[in-house]
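Trainee: Okay, here's the structure, questions in a sec.
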Amino acid sequence: MTECFISDENCSLLNISTSDDFIQNIPNEQVDRLKFIAYGIICPVIIGLGILGNITNLVVLTRSNLKGITFVYLTWLAISDLMSLVFCITSLLRILNVEPRTYLAALYYAHIEMPLVNAFMASSVFLVVTLTVDRYFSVCRPMNFKQVHNTQRATKSIAVAYICAFLLYIPVCFQKRPISMHVNNRTEYVAFDNPIVAGHTAFRIYLVVKEGLVRLGPVVLLTILNTIIILTFRKSLIQRPDWLAISGVGSPPSRKRCKDKQRLCNLLTGIVILFVISMTPAAFLTILNREYKEFHFGFQLFRALANIIELSNYAMNFYVYCICNSEIRRNFVELVTCAKPNVNECSPSSRPSLVSNSKF
């Protein structure tokens with residue numbers, strides 16, 4: 001997900017620096033109603049299901065019989081998604097105008113909230129890219145697979161994903177500033193854009209570059225890599241059974257194994273479609289956002305839909321994996337039924353295979 005809480009953030013629509021300006025901007029009733037439905041009802045449900053799913057995902061992925069580099073990537077991906085959803089709760093409070101109005105809260109919303117939320121979201125995107133590159137070598141360049149598919153490389157890749165994500169959002173820390181307001185004879189503090197930073201041309205350029213690195217770039221890269229993976233995988237379904245039978249290395253794959261491989265191809269296709277649908281609208285949302293559109297109902301509707309779709313992307317990973325991957329599904333059933341995992345049953349992703357190295 002991105003900047004729903006990002007769009008509100010990155011291209012802040014209200015450059016308000018005084019309490020008088022704040023009072024003069026009276027919200028439109030339709031926009032208020034839309035925000036309540038989108039961010040007060042739909043998003044909390046998505047976040048709740050996402051937190052439950054990612055916690056379950058972490059419990060399942062850390063079971064003793066799910067070993068292998070792929071599951072390490074998936075574990076850290078679940079951590080990024082979980083942290084993104086948890087910190088999105090404070091973003092919802094801000095969007096609904098029910099956040100605390102203390103000075104410490106204003107400092108958090110001005111300098112920490114959006115960088116933190118979006119950094120975890122960006123780390124999730126970078127981890128998906130890293131996992132896809134690993135899968136690309138597994139399917140398309142198996143001779144070089146061991147060079148990239150090892151614990152040392154995975155540890156470095158995960159660390160780089162988090163470091164790059166947090167460094168990328170450092171400028172956002174200075175986009176807003178706490179502003180004091182006098183309401184009913186008491187002083188309240190809220191976070192508003194710092195016009196010196198948010199209005200600067202360099203900052204606008206930074207937003208466009210950032211969107212290219214976090215959303216548009218990964219969308220293009222994942223689309224290309226997954227298309228190549230799918231085409232190579234489908235080709236192997238036709239060629240490898242005959243090769244295995246002729247070479248005498250083993251018997252042709254069973255009908256069930258072929259169906260499993262076909263299911264993986266369908267999963268890869270779904271990943272491409274889901275990623276493009278969830279990331280593309282949010283990327284253009286941040287770039288197109290402008291002050292005068294704050295109370296434009298049509299644009300706010302588009303923003304709400306883009307944010308909901310993107311948020312769903314971080315919330316539904318466990319459910320997608322559980323539906324499409326038999327190992328995770330089996331371990332989830334064992335977890336629910338309190339059955340002990342079979343530690344002697346080695347995960348296919350942690351052992352070599354003559355048929356395919358690419359199973360999750």
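Chains: A, B, ... in order of the structure tokens. Residues: from 1 per chain. Ligands: from 1, in order shown.
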Would you pick out the contacts of segment 72-85 of chain A at 6 Å or less, using only C-alpha atoms, so that residues sharing its chain but fewer than 6 positions from it are not included, and give the list as a ChimeraX atom specification?
Mentor: /A:47,51,54,58,117,120-121,124,314
Trainee: Write a file of the selected residues as a compact mmCIF listing (two decimals), in the first residue's frame, keeping N, CA, C and O atoms.
Mentor:
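What follows is the written file part-v6.txt:
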# COMPACT_ATOMS: atom_id res chain seq x y z
N ILE A 47 -7.72 -3.65 7.94
CA ILE A 47 -6.56 -3.67 8.83
C ILE A 47 -6.69 -4.79 9.85
O ILE A 47 -5.73 -5.52 10.13
N ILE A 51 -4.01 -7.72 10.06
CA ILE A 51 -3.19 -7.98 11.25
C ILE A 51 -3.36 -9.43 11.69
O ILE A 51 -2.37 -10.12 12.00
N ASN A 54 -1.52 -11.65 9.07
CA ASN A 54 -0.06 -11.59 9.12
C ASN A 54 0.52 -12.21 10.39
O ASN A 54 1.59 -12.82 10.35
N LEU A 58 3.03 -15.35 10.34
CA LEU A 58 4.32 -15.45 11.04
C LEU A 58 4.40 -16.74 11.86
O LEU A 58 5.44 -17.40 11.90
N VAL A 117 5.15 4.71 8.39
CA VAL A 117 4.18 3.88 7.69
C VAL A 117 4.67 3.54 6.29
O VAL A 117 4.69 2.38 5.86
N PHE A 120 7.82 1.13 5.97
CA PHE A 120 7.48 -0.29 6.08
C PHE A 120 6.77 -0.78 4.82
O PHE A 120 7.00 -1.91 4.37
N MET A 121 5.92 0.06 4.23
CA MET A 121 5.26 -0.32 2.99
C MET A 121 6.28 -0.48 1.87
O MET A 121 6.20 -1.41 1.07
N SER A 124 8.19 -3.65 2.16
CA SER A 124 7.40 -4.78 1.68
C SER A 124 7.50 -4.90 0.17
O SER A 124 7.67 -6.00 -0.37
N TYR A 314 -1.53 -5.30 1.32
CA TYR A 314 -0.70 -5.64 2.47
C TYR A 314 -1.43 -6.53 3.47
O TYR A 314 -0.80 -7.10 4.36
Trainee: So what do you get for atom CA of Arg153 of chain A versus atom CA of Thr223 of chain A, distance-wise?
Mentor: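 Result for atom CA of Arg153 of chain A versus atom CA of Thr223 of chain A: 23.4 Å, one decimal.
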Trainee: With only C-alpha atoms as the counted atoms, please give the residues lying no more than 9 Å from Tyr189 of chain A, apart from itself and same-chain residues fewer than 5 positions off, as a ChimeraX atom specification.
Mentor: /A:100-107,178-182
Trainee: Please measure the separation of atom CA of Phe332 of chain A and atom CA of Ile89 of chain A, giving the value in Å to one decimal.
Mentor: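 These two atoms are separated by 26.9 Å.
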Trainee: Find the residues around Glu113 of chain A up to 9 Å (only C-alpha atoms counted), leave out those fewer than 5 positions away in its own chain, and share them as JSON, numbers by chain.
Mentor: {"A": [87, 88, 90, 91, 108, 118, 173]}
Trainee: Restricting the output to N, CA and C atoms, write the selected residues as a PDB file, in the first residue's frame.
Mentor:
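The result, written out as selection28.pdb:
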ATOM      1  N   PHE A  87       0.788   0.605  12.085  1.00  0.00           N
ATOM      2  CA  PHE A  87       0.998   2.053  12.117  1.00  0.00           C
ATOM      3  C   PHE A  87      -0.030   2.799  11.274  1.00  0.00           C
ATOM      4  N   CYS A  88      -0.702   2.099  10.362  1.00  0.00           N
ATOM      5  CA  CYS A  88      -1.775   2.727   9.599  1.00  0.00           C
ATOM      6  C   CYS A  88      -2.950   3.113  10.492  1.00  0.00           C
ATOM      7  N   THR A  90      -2.829   4.769  13.270  1.00  0.00           N
ATOM      8  CA  THR A  90      -2.671   6.175  13.639  1.00  0.00           C
ATOM      9  C   THR A  90      -2.980   7.088  12.453  1.00  0.00           C
ATOM     10  N   SER A  91      -2.712   6.621  11.240  1.00  0.00           N
ATOM     11  CA  SER A  91      -3.047   7.406  10.049  1.00  0.00           C
ATOM     12  C   SER A  91      -4.560   7.547   9.895  1.00  0.00           C
ATOM     13  N   TYR A 108       4.712  13.602  16.541  1.00  0.00           N
ATOM     14  CA  TYR A 108       4.664  12.288  15.908  1.00  0.00           C
ATOM     15  C   TYR A 108       4.051  12.371  14.518  1.00  0.00           C
ATOM     16  N   ASN A 118       5.103   4.568   5.583  1.00  0.00           N
ATOM     17  CA  ASN A 118       5.488   4.363   4.188  1.00  0.00           C
ATOM     18  C   ASN A 118       6.811   3.625   4.042  1.00  0.00           C
ATOM     19  N   CYS A 173      10.181  13.351   6.626  1.00  0.00           N
ATOM     20  CA  CYS A 173      10.220  13.749   8.040  1.00  0.00           C
ATOM     21  C   CYS A 173      10.137  15.260   8.219  1.00  0.00           C
TER      22      CYS A 173
END
Trainee: Would you please work out which residue, of A:Thr337, A:Asn331, A:Gln147, A:Asn184, is nearest to Leu61 of chain A when using only C-alpha atoms?
Mentor: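 Nearest candidate to Leu61 of chain A out of A:Thr337, A:Asn331, A:Gln147, A:Asn184: A:Asn331.
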Trainee: Closest to Val45 of chain A among A:Ala339, A:Phe174, A:Ile308, A:Leu207, using only C-alpha atoms?
Mentor: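 Ranked by minimum distance to Val45 of chain A, first place goes to A:Ile308.
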Trainee: When you look at Ile309 of chain A with a cut-off of 12 Å (counting only C-alpha atoms), what residues show up, excluding the ones that are within fewer than 2 positions of it in the same chain? I need them as a ChimeraX atom specification.
Mentor: /A:1-4,38,42-43,46-47,274-282,302-307,311-316
Trainee: Nearest to Ile196 of chain A among A:Glu211, A:Lys176, A:Ile229, A:Pro142, with distances taken over only C-alpha atoms: which residue is it?
Mentor: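 Using only C-alpha atoms, the shortest distance to Ile196 of chain A belongs to A:Lys176.
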Trainee: Which is closest to His149 of chain A among A:Gly68, A:Pro195, A:Gly212, A:Pro44, if we use only C-alpha atoms?
Mentor: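 For His149 of chain A, the nearest of the given residues is A:Gly68.
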Trainee: Which residue out of A:Val139, A:Val190, A:Leu167, A:Ile55 has the minimum interatomic distance to Tyr109 of chain A when only C-alpha atoms are used?
Mentor: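 Nearest to Tyr109 of chain A: A:Val190.
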